[in-house]
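**Q** What follows is a structure written as structure tokens; I'll ask about it next.
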There are 2 protein chains.
Amino acid sequence: MTGRRQGPRKAVLSRESILRAAVRLADDDGVDGLSMRKLAEGFGATAMALYRHVGNKDDLLDGMVDLVFGEIEIPRDGGWRAIMRQRAVSMRAALRCHPWAVGLMEARQPSMANLRYHNTGLACLRTEAGLPIGDAIAAYNLMDSYVYGFALQEKALPRDIAAEARARRDALTGADPSLAEQFPYLIEVVDELAASGYDYNEQFERGLDVILDGIERLRQ
Amino acid sequence: MTGRRQGPRKAVLSRESILRAAVRLADDDGVDGLSMRKLAEGFGATAMALYRHVGNKDDLLDGMVDLVFGEIEIPRDGGWRAIMRQRAVSMRAALRCHPWAVGLMEARQPSMANLRYHNTGLACLRTEAGLPIGDAIAAYNLMDSYVYGFALQEKALPRDIAAEARARRDALTGADPSLAEQFPYLIEVVDELAASGYDYNEQFERGLDVILDGIERLRQ
DNA sequence: CGCAGTTGTATACGACGTATACAACGCTGA
DNA sequence: TCAGCGTTGTATACGTCGTATACAACTGCG
């Protein structure tokens, strides 16, 4: 190589190591903070060095999404309801760890891990739950939409929504008292969250159970 | 002004006109295709001219999201179920027209139209449906998550999914016959879609009704 | 040893958001 | 009528981005 690197090589460059580093970088800085240059810098290399291993940035994102799909675990048995429930919980957990993946999981071209994920979910609804194909498609859509949508909102909201509610409540209504009159039900919710807190896990599963109940009724 | 413009001014520059043009541009080219320069070009102006009216690009996006929220109509009466149903249908219709808005609607700072949207939804669940505050929050989350998630998936999928299924079916399994064995339930779904078609409207409302049934049961 | 393939670097291009400085206009008051 | 000022658009420039291209250093094989 021509010149000495300023920072020593920190890890071997390979598709695998690059993808893992990219996931970590996106976890920390968000998807907008993920640039080829910053990613390469972490290896003590130049941006162009990455292109020997990943094609282009889209390919990089595909690989990253793949890794996230790989983290999702679907139990083999326990009945359709337990399986589908765990599947959704696991998916949301992955999206909570990797918020940047929300909006990418569905948009990228399907990988093996992706296809497997969908296939096992559908298999469960068809065989374990015994739903006819039309109902299985509907149920599948319903569940995945809920999971994605919940993750999407969770990503946008503060981690500790109750603390945020407490902090903002008075600042907002103090700045413009007419807000309390214009949007009383919104204020009521903010107050409720400030008082009782908000547990994303619990709320997610609560909605999930409503949906599972609905699917249960489809079976009869 | 110093030099003559190459293209004549096509419309007056104002926050209002810029936001509308931006929405149209994003509708056509996607949110990635929306740049200050291209947007300004549509007015026969330079990118910097926009900054007299919109602060920065984030402010621009805020305003665009605002316009979309303004398109959502919530009926005043008809019972909680009809109101909430129409609310969801209208929201999804807006997101279908403006796919770029998915993932932005929740992330931007709340505007007036945004606050009103949430307030009226919560008001309906509290007064019309008569849900206690905790159930109202849960029901509200459930519905919005579903709508956002459905819109998110719809954005990623082809408009005519049945045609796509027909076109891709044989190309895929022809290229790699083992796919059919690895993912039989996925193939089954593709075949079903190719045969029977897929109506996003109908499927959306089908899932929506399952959720509304679930909320109905919460009331008792 | 020589030589080919692999891997990283150097450099450059065009597009992006936007800071800064300036020029052309419309309005006002004398 | 005209000076002055605030408003609006332009010109230019900076740093960042993804990535094309050309080249240099290393590896392993004959």
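Residue numbers start at 1 in each chain; chains themselves are named A, B, ... in the order of the structure tokens; ligands are numbered from 1 in the order shown.
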As number ranges by chain, please: the residues near DG28 in chain D (cut-off 12 Å, only C-alpha atoms (C1' of nucleotides), same-chain neighbours under 3 positions excluded).

**A** C: 3-6

**Q** Tell me which protein, DNA and RNA residues are within 12 Å of Arg168 in chain B, counting only C-alpha atoms (C1' of nucleotides), leaving out same-chain ones fewer than 2 positions away, and put them as a list in words.

**A**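 Contacts, in chain order: Pro158, Ile161, Ala162, Ala163, Glu164, Ala165, Arg166, Asp170, Ala171, Leu172, Thr173, Gly174, Ala175, Ile187, Val190, Asp191, Leu193 and Ala194 of chain B.
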
**Q** For the selection you just gave me, I'd like the residues written to a file as a PDB file, in the first residue's frame, keeping N, CA and C atoms.

**A**
ATOM      1  N   PRO B 158     -45.967  -3.811  -4.946  1.00  0.00           N
ATOM      2  CA  PRO B 158     -46.424  -3.274  -6.224  1.00  0.00           C
ATOM      3  C   PRO B 158     -47.903  -2.925  -6.160  1.00  0.00           C
ATOM      4  N   ILE B 161     -50.616  -6.269  -7.244  1.00  0.00           N
ATOM      5  CA  ILE B 161     -49.818  -7.355  -6.711  1.00  0.00           C
ATOM      6  C   ILE B 161     -50.136  -8.677  -7.406  1.00  0.00           C
ATOM      7  N   ALA B 162     -51.359  -8.794  -7.914  1.00  0.00           N
ATOM      8  CA  ALA B 162     -51.735 -10.037  -8.595  1.00  0.00           C
ATOM      9  C   ALA B 162     -50.955 -10.176  -9.901  1.00  0.00           C
ATOM     10  N   ALA B 163     -50.875  -9.076 -10.652  1.00  0.00           N
ATOM     11  CA  ALA B 163     -50.126  -9.106 -11.910  1.00  0.00           C
ATOM     12  C   ALA B 163     -48.660  -9.422 -11.645  1.00  0.00           C
ATOM     13  N   GLU B 164     -48.127  -8.801 -10.606  1.00  0.00           N
ATOM     14  CA  GLU B 164     -46.737  -9.039 -10.237  1.00  0.00           C
ATOM     15  C   GLU B 164     -46.517 -10.507  -9.879  1.00  0.00           C
ATOM     16  N   ALA B 165     -47.489 -11.046  -9.134  1.00  0.00           N
ATOM     17  CA  ALA B 165     -47.379 -12.445  -8.735  1.00  0.00           C
ATOM     18  C   ALA B 165     -47.358 -13.350  -9.964  1.00  0.00           C
ATOM     19  N   ARG B 166     -48.247 -13.067 -10.906  1.00  0.00           N
ATOM     20  CA  ARG B 166     -48.293 -13.872 -12.131  1.00  0.00           C
ATOM     21  C   ARG B 166     -46.968 -13.771 -12.891  1.00  0.00           C
ATOM     22  N   ASP B 170     -43.275 -17.813 -12.148  1.00  0.00           N
ATOM     23  CA  ASP B 170     -42.515 -18.824 -12.875  1.00  0.00           C
ATOM     24  C   ASP B 170     -41.053 -18.440 -13.020  1.00  0.00           C
ATOM     25  N   ALA B 171     -40.794 -17.143 -13.135  1.00  0.00           N
ATOM     26  CA  ALA B 171     -39.401 -16.696 -13.233  1.00  0.00           C
ATOM     27  C   ALA B 171     -38.632 -17.134 -11.994  1.00  0.00           C
ATOM     28  N   LEU B 172     -39.258 -16.982 -10.834  1.00  0.00           N
ATOM     29  CA  LEU B 172     -38.581 -17.316  -9.583  1.00  0.00           C
ATOM     30  C   LEU B 172     -38.345 -18.812  -9.442  1.00  0.00           C
ATOM     31  N   THR B 173     -39.409 -19.570  -9.538  1.00  0.00           N
ATOM     32  CA  THR B 173     -39.255 -21.006  -9.327  1.00  0.00           C
ATOM     33  C   THR B 173     -38.494 -21.649 -10.477  1.00  0.00           C
ATOM     34  N   GLY B 174     -38.534 -21.017 -11.652  1.00  0.00           N
ATOM     35  CA  GLY B 174     -37.744 -21.520 -12.768  1.00  0.00           C
ATOM     36  C   GLY B 174     -36.261 -21.348 -12.507  1.00  0.00           C
ATOM     37  N   ALA B 175     -35.903 -20.190 -11.945  1.00  0.00           N
ATOM     38  CA  ALA B 175     -34.498 -19.907 -11.669  1.00  0.00           C
ATOM     39  C   ALA B 175     -33.944 -20.842 -10.591  1.00  0.00           C
ATOM     40  N   ILE B 187     -45.172 -19.863  -1.663  1.00  0.00           N
ATOM     41  CA  ILE B 187     -45.590 -20.126  -3.041  1.00  0.00           C
ATOM     42  C   ILE B 187     -47.108 -20.222  -3.119  1.00  0.00           C
ATOM     43  N   VAL B 190     -48.492 -16.790  -3.193  1.00  0.00           N
ATOM     44  CA  VAL B 190     -48.262 -16.157  -4.491  1.00  0.00           C
ATOM     45  C   VAL B 190     -49.260 -16.689  -5.517  1.00  0.00           C
ATOM     46  N   ASP B 191     -49.459 -17.991  -5.507  1.00  0.00           N
ATOM     47  CA  ASP B 191     -50.406 -18.589  -6.454  1.00  0.00           C
ATOM     48  C   ASP B 191     -51.823 -18.087  -6.199  1.00  0.00           C
ATOM     49  N   LEU B 193     -52.708 -15.269  -4.817  1.00  0.00           N
ATOM     50  CA  LEU B 193     -52.807 -13.873  -5.242  1.00  0.00           C
ATOM     51  C   LEU B 193     -52.890 -13.786  -6.757  1.00  0.00           C
ATOM     52  N   ALA B 194     -52.092 -14.590  -7.436  1.00  0.00           N
ATOM     53  CA  ALA B 194     -52.106 -14.575  -8.898  1.00  0.00           C
ATOM     54  C   ALA B 194     -53.484 -14.975  -9.416  1.00  0.00           C
TER      55      ALA B 194
END

**Q** Counting only C-alpha atoms (C1' of nucleotides), collect the residues of chain C whose closest atom lies at most 10 Å from chain B, and write them out as a PDB file with C-alpha atoms (C1' of nucleotides), in the first residue's frame.

**A**
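Wrote out.pdb, looks like this:
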ATOM      1  C1'  DA C  15     -25.708  16.139  -6.330  1.00  0.00           C
ATOM      2  C1'  DC C  16     -27.052  17.455  -1.967  1.00  0.00           C
ATOM      3  C1'  DG C  17     -28.344  21.059   2.104  1.00  0.00           C
ATOM      4  C1'  DT C  18     -27.341  25.546   3.243  1.00  0.00           C
ATOM      5  C1'  DA C  23     -28.248  42.915  -6.098  1.00  0.00           C
ATOM      6  C1'  DA C  24     -32.802  44.189  -7.737  1.00  0.00           C
ATOM      7  C1'  DC C  25     -37.206  45.535  -6.543  1.00  0.00           C
TER       8       DC C  25
END

**Q** Could you list, as a ChimeraX atom specification, every residue of chain D that has an atom within 10 Å of an atom of chain A, counting only C-alpha atoms (C1' of nucleotides)?

**A** /D:16-19,24-26

**Q** For each of B:Ala21, B:Leu142, B:Val12, B:Ile137, take the minimum atom-to-atom distance to Gly63 in chain B, counting only C-alpha atoms, then give the residue where this is smallest.

**A** B:Ala21

**Q** What residues in chain B have any atom no more than 8 Å from chain A when counting only C-alpha atoms, and can you write them as a PDB file with C-alpha atoms, in the first residue's frame?

**A**
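File produced: part.pdb:
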ATOM      1  CA  GLY B 103     -42.666   7.333   8.312  1.00  0.00           C
ATOM      2  CA  GLU B 106     -45.371  10.349  13.224  1.00  0.00           C
ATOM      3  CA  ALA B 107     -41.788  11.518  13.283  1.00  0.00           C
ATOM      4  CA  LEU B 115     -53.003  17.602  17.174  1.00  0.00           C
ATOM      5  CA  ARG B 116     -56.558  18.011  15.979  1.00  0.00           C
ATOM      6  CA  HIS B 118     -55.316  12.914  17.455  1.00  0.00           C
ATOM      7  CA  ASN B 119     -57.658  14.859  19.688  1.00  0.00           C
ATOM      8  CA  THR B 120     -60.766  14.067  17.706  1.00  0.00           C
ATOM      9  CA  LEU B 122     -59.362  10.198  21.264  1.00  0.00           C
ATOM     10  CA  ALA B 123     -62.514  12.201  21.889  1.00  0.00           C
ATOM     11  CA  ILE B 133     -58.812   6.280  29.533  1.00  0.00           C
ATOM     12  CA  ILE B 137     -55.168   4.708  24.767  1.00  0.00           C
ATOM     13  CA  ALA B 138     -54.746   1.033  23.973  1.00  0.00           C
ATOM     14  CA  ALA B 139     -57.470   1.070  21.330  1.00  0.00           C
ATOM     15  CA  ASN B 141     -52.620   2.760  19.549  1.00  0.00           C
ATOM     16  CA  LEU B 142     -53.918  -0.429  18.092  1.00  0.00           C
ATOM     17  CA  ASP B 144     -53.046   3.776  14.404  1.00  0.00           C
ATOM     18  CA  SER B 145     -50.395   1.088  14.434  1.00  0.00           C
ATOM     19  CA  TYR B 146     -52.449  -0.980  12.045  1.00  0.00           C
ATOM     20  CA  VAL B 147     -53.045   1.921   9.696  1.00  0.00           C
ATOM     21  CA  TYR B 148     -49.410   2.979   9.630  1.00  0.00           C
ATOM     22  CA  GLY B 149     -48.175  -0.564   9.267  1.00  0.00           C
ATOM     23  CA  PHE B 150     -50.573  -1.353   6.470  1.00  0.00           C
ATOM     24  CA  LEU B 152     -45.918   0.966   5.160  1.00  0.00           C
ATOM     25  CA  GLN B 153     -46.323  -2.427   3.566  1.00  0.00           C
ATOM     26  CA  ALA B 156     -43.317  -1.340  -0.540  1.00  0.00           C
ATOM     27  CA  LEU B 157     -45.519  -3.670  -2.561  1.00  0.00           C
ATOM     28  CA  PHE B 183     -41.005 -22.092   1.003  1.00  0.00           C
ATOM     29  CA  PRO B 184     -44.163 -23.938   0.019  1.00  0.00           C
ATOM     30  CA  TYR B 185     -46.541 -21.708   1.951  1.00  0.00           C
ATOM     31  CA  LEU B 186     -45.084 -18.606   0.390  1.00  0.00           C
ATOM     32  CA  VAL B 189     -49.834 -17.389  -1.271  1.00  0.00           C
ATOM     33  CA  GLU B 192     -53.513 -17.545  -4.574  1.00  0.00           C
ATOM     34  CA  GLN B 203     -57.999  -6.242   2.655  1.00  0.00           C
ATOM     35  CA  ARG B 206     -61.088  -6.576   6.521  1.00  0.00           C
ATOM     36  CA  GLY B 207     -58.282  -6.227   9.032  1.00  0.00           C
ATOM     37  CA  VAL B 210     -61.249  -7.369  13.098  1.00  0.00           C
ATOM     38  CA  ILE B 211     -59.699  -4.600  15.164  1.00  0.00           C
ATOM     39  CA  ASP B 213     -64.604  -5.965  16.717  1.00  0.00           C
ATOM     40  CA  GLY B 214     -61.849  -6.248  19.288  1.00  0.00           C
ATOM     41  CA  ILE B 215     -62.479  -2.720  20.520  1.00  0.00           C
TER      42      ILE B 215
END

**Q** So, counting only C-alpha atoms, which residue among A:Leu13, A:Leu131, A:Leu60, A:His53 is closest to Glu41 in chain A?

**A**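 With only C-alpha atoms as the atom set, the closest residue is A:Leu13.
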
**Q** Running DSSP on the backbone, which parts of range 27-132 of chain A land in alpha helix (DSSP H), as JSON, numbers by chain?

**A** {"A": [27, 28, 29, 36, 37, 38, 39, 40, 41, 47, 48, 49, 50, 51, 52, 53, 54, 57, 58, 59, 60, 61, 62, 63, 64, 65, 66, 67, 68, 69, 70, 71, 80, 81, 82, 83, 84, 85, 86, 87, 88, 89, 90, 91, 92, 93, 94, 95, 96, 97, 112, 113, 114, 115, 116, 117, 118, 119, 120, 121, 122, 123]}

**Q** Using CA of Gly44 in chain B and C1' of DG9 in chain D as the two end points, give the distance in Å to one decimal.

**A**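 Interatomic distance, CA of Gly44 in chain B to C1' of DG9 in chain D: 11.0 Å.
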
**Q** Do a neighbour search on DA12 in chain C at 12 Å with only C-alpha atoms (C1' of nucleotides), toss out local chain neighbours closer than 3 positions, and write the hits as an NGL selection string.

**A** :D and (19-22)

**Q** Within 12 Å of DG29 in chain C, counting only C-alpha atoms (C1' of nucleotides), which residues show up once you throw out same-chain ones fewer than 3 positions away? Write them as a PyMOL selection string, please.

**A** chain D and resi 1-5

**Q** Could the residues in this selection be saved with N, CA and C atoms (P, O5', C5', C4', C3', O3' and C1' of nucleotides) as a short mmCIF file (atom, residue, chain, number, x, y, z; two decimals), in the first residue's frame?

**A**
data_model
loop_
_atom_site.label_atom_id
_atom_site.label_comp_id
_atom_site.auth_asym_id
_atom_site.auth_seq_id
_atom_site.Cartn_x
_atom_site.Cartn_y
_atom_site.Cartn_z
P DT D 1 -42.15 62.55 -11.02
"O5'" DT D 1 -41.15 63.17 -9.94
"C5'" DT D 1 -40.46 64.38 -10.21
"C4'" DT D 1 -39.39 64.44 -9.17
"C3'" DT D 1 -38.41 63.28 -9.24
"O3'" DT D 1 -37.09 63.77 -8.99
"C1'" DT D 1 -39.46 63.30 -7.09
P DC D 2 -35.89 62.88 -9.51
"O5'" DC D 2 -35.29 62.44 -8.10
"C5'" DC D 2 -35.20 63.40 -7.05
"C4'" DC D 2 -35.03 62.69 -5.72
"C3'" DC D 2 -34.16 61.44 -5.80
"O3'" DC D 2 -33.25 61.45 -4.72
"C1'" DC D 2 -36.19 60.95 -4.73
P DA D 3 -31.85 60.72 -4.91
"O5'" DA D 3 -31.52 60.34 -3.39
"C5'" DA D 3 -31.70 61.31 -2.38
"C4'" DA D 3 -32.12 60.64 -1.08
"C3'" DA D 3 -31.26 59.44 -0.69
"O3'" DA D 3 -30.98 59.52 0.70
"C1'" DA D 3 -33.54 58.78 -0.88
P DG D 4 -29.91 58.61 1.35
"O5'" DG D 4 -30.84 57.53 2.07
"C5'" DG D 4 -31.82 57.97 3.01
"C4'" DG D 4 -32.72 56.79 3.35
"C3'" DG D 4 -31.94 55.51 3.66
"O3'" DG D 4 -32.40 55.04 4.91
"C1'" DG D 4 -33.63 55.08 2.07
P DC D 5 -31.58 53.92 5.68
"O5'" DC D 5 -32.71 52.81 5.81
"C5'" DC D 5 -34.09 53.20 5.96
"C4'" DC D 5 -34.99 52.01 5.66
"C3'" DC D 5 -34.34 50.66 5.99
"O3'" DC D 5 -35.32 49.83 6.59
"C1'" DC D 5 -35.07 50.67 3.76
#

**Q** Find the distance between CA of Glu71 in chain B and CA of Leu25 in chain B and write it in Å to one decimal.

**A**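 Separating CA of Glu71 in chain B from CA of Leu25 in chain B is a distance of 17.2 Å.
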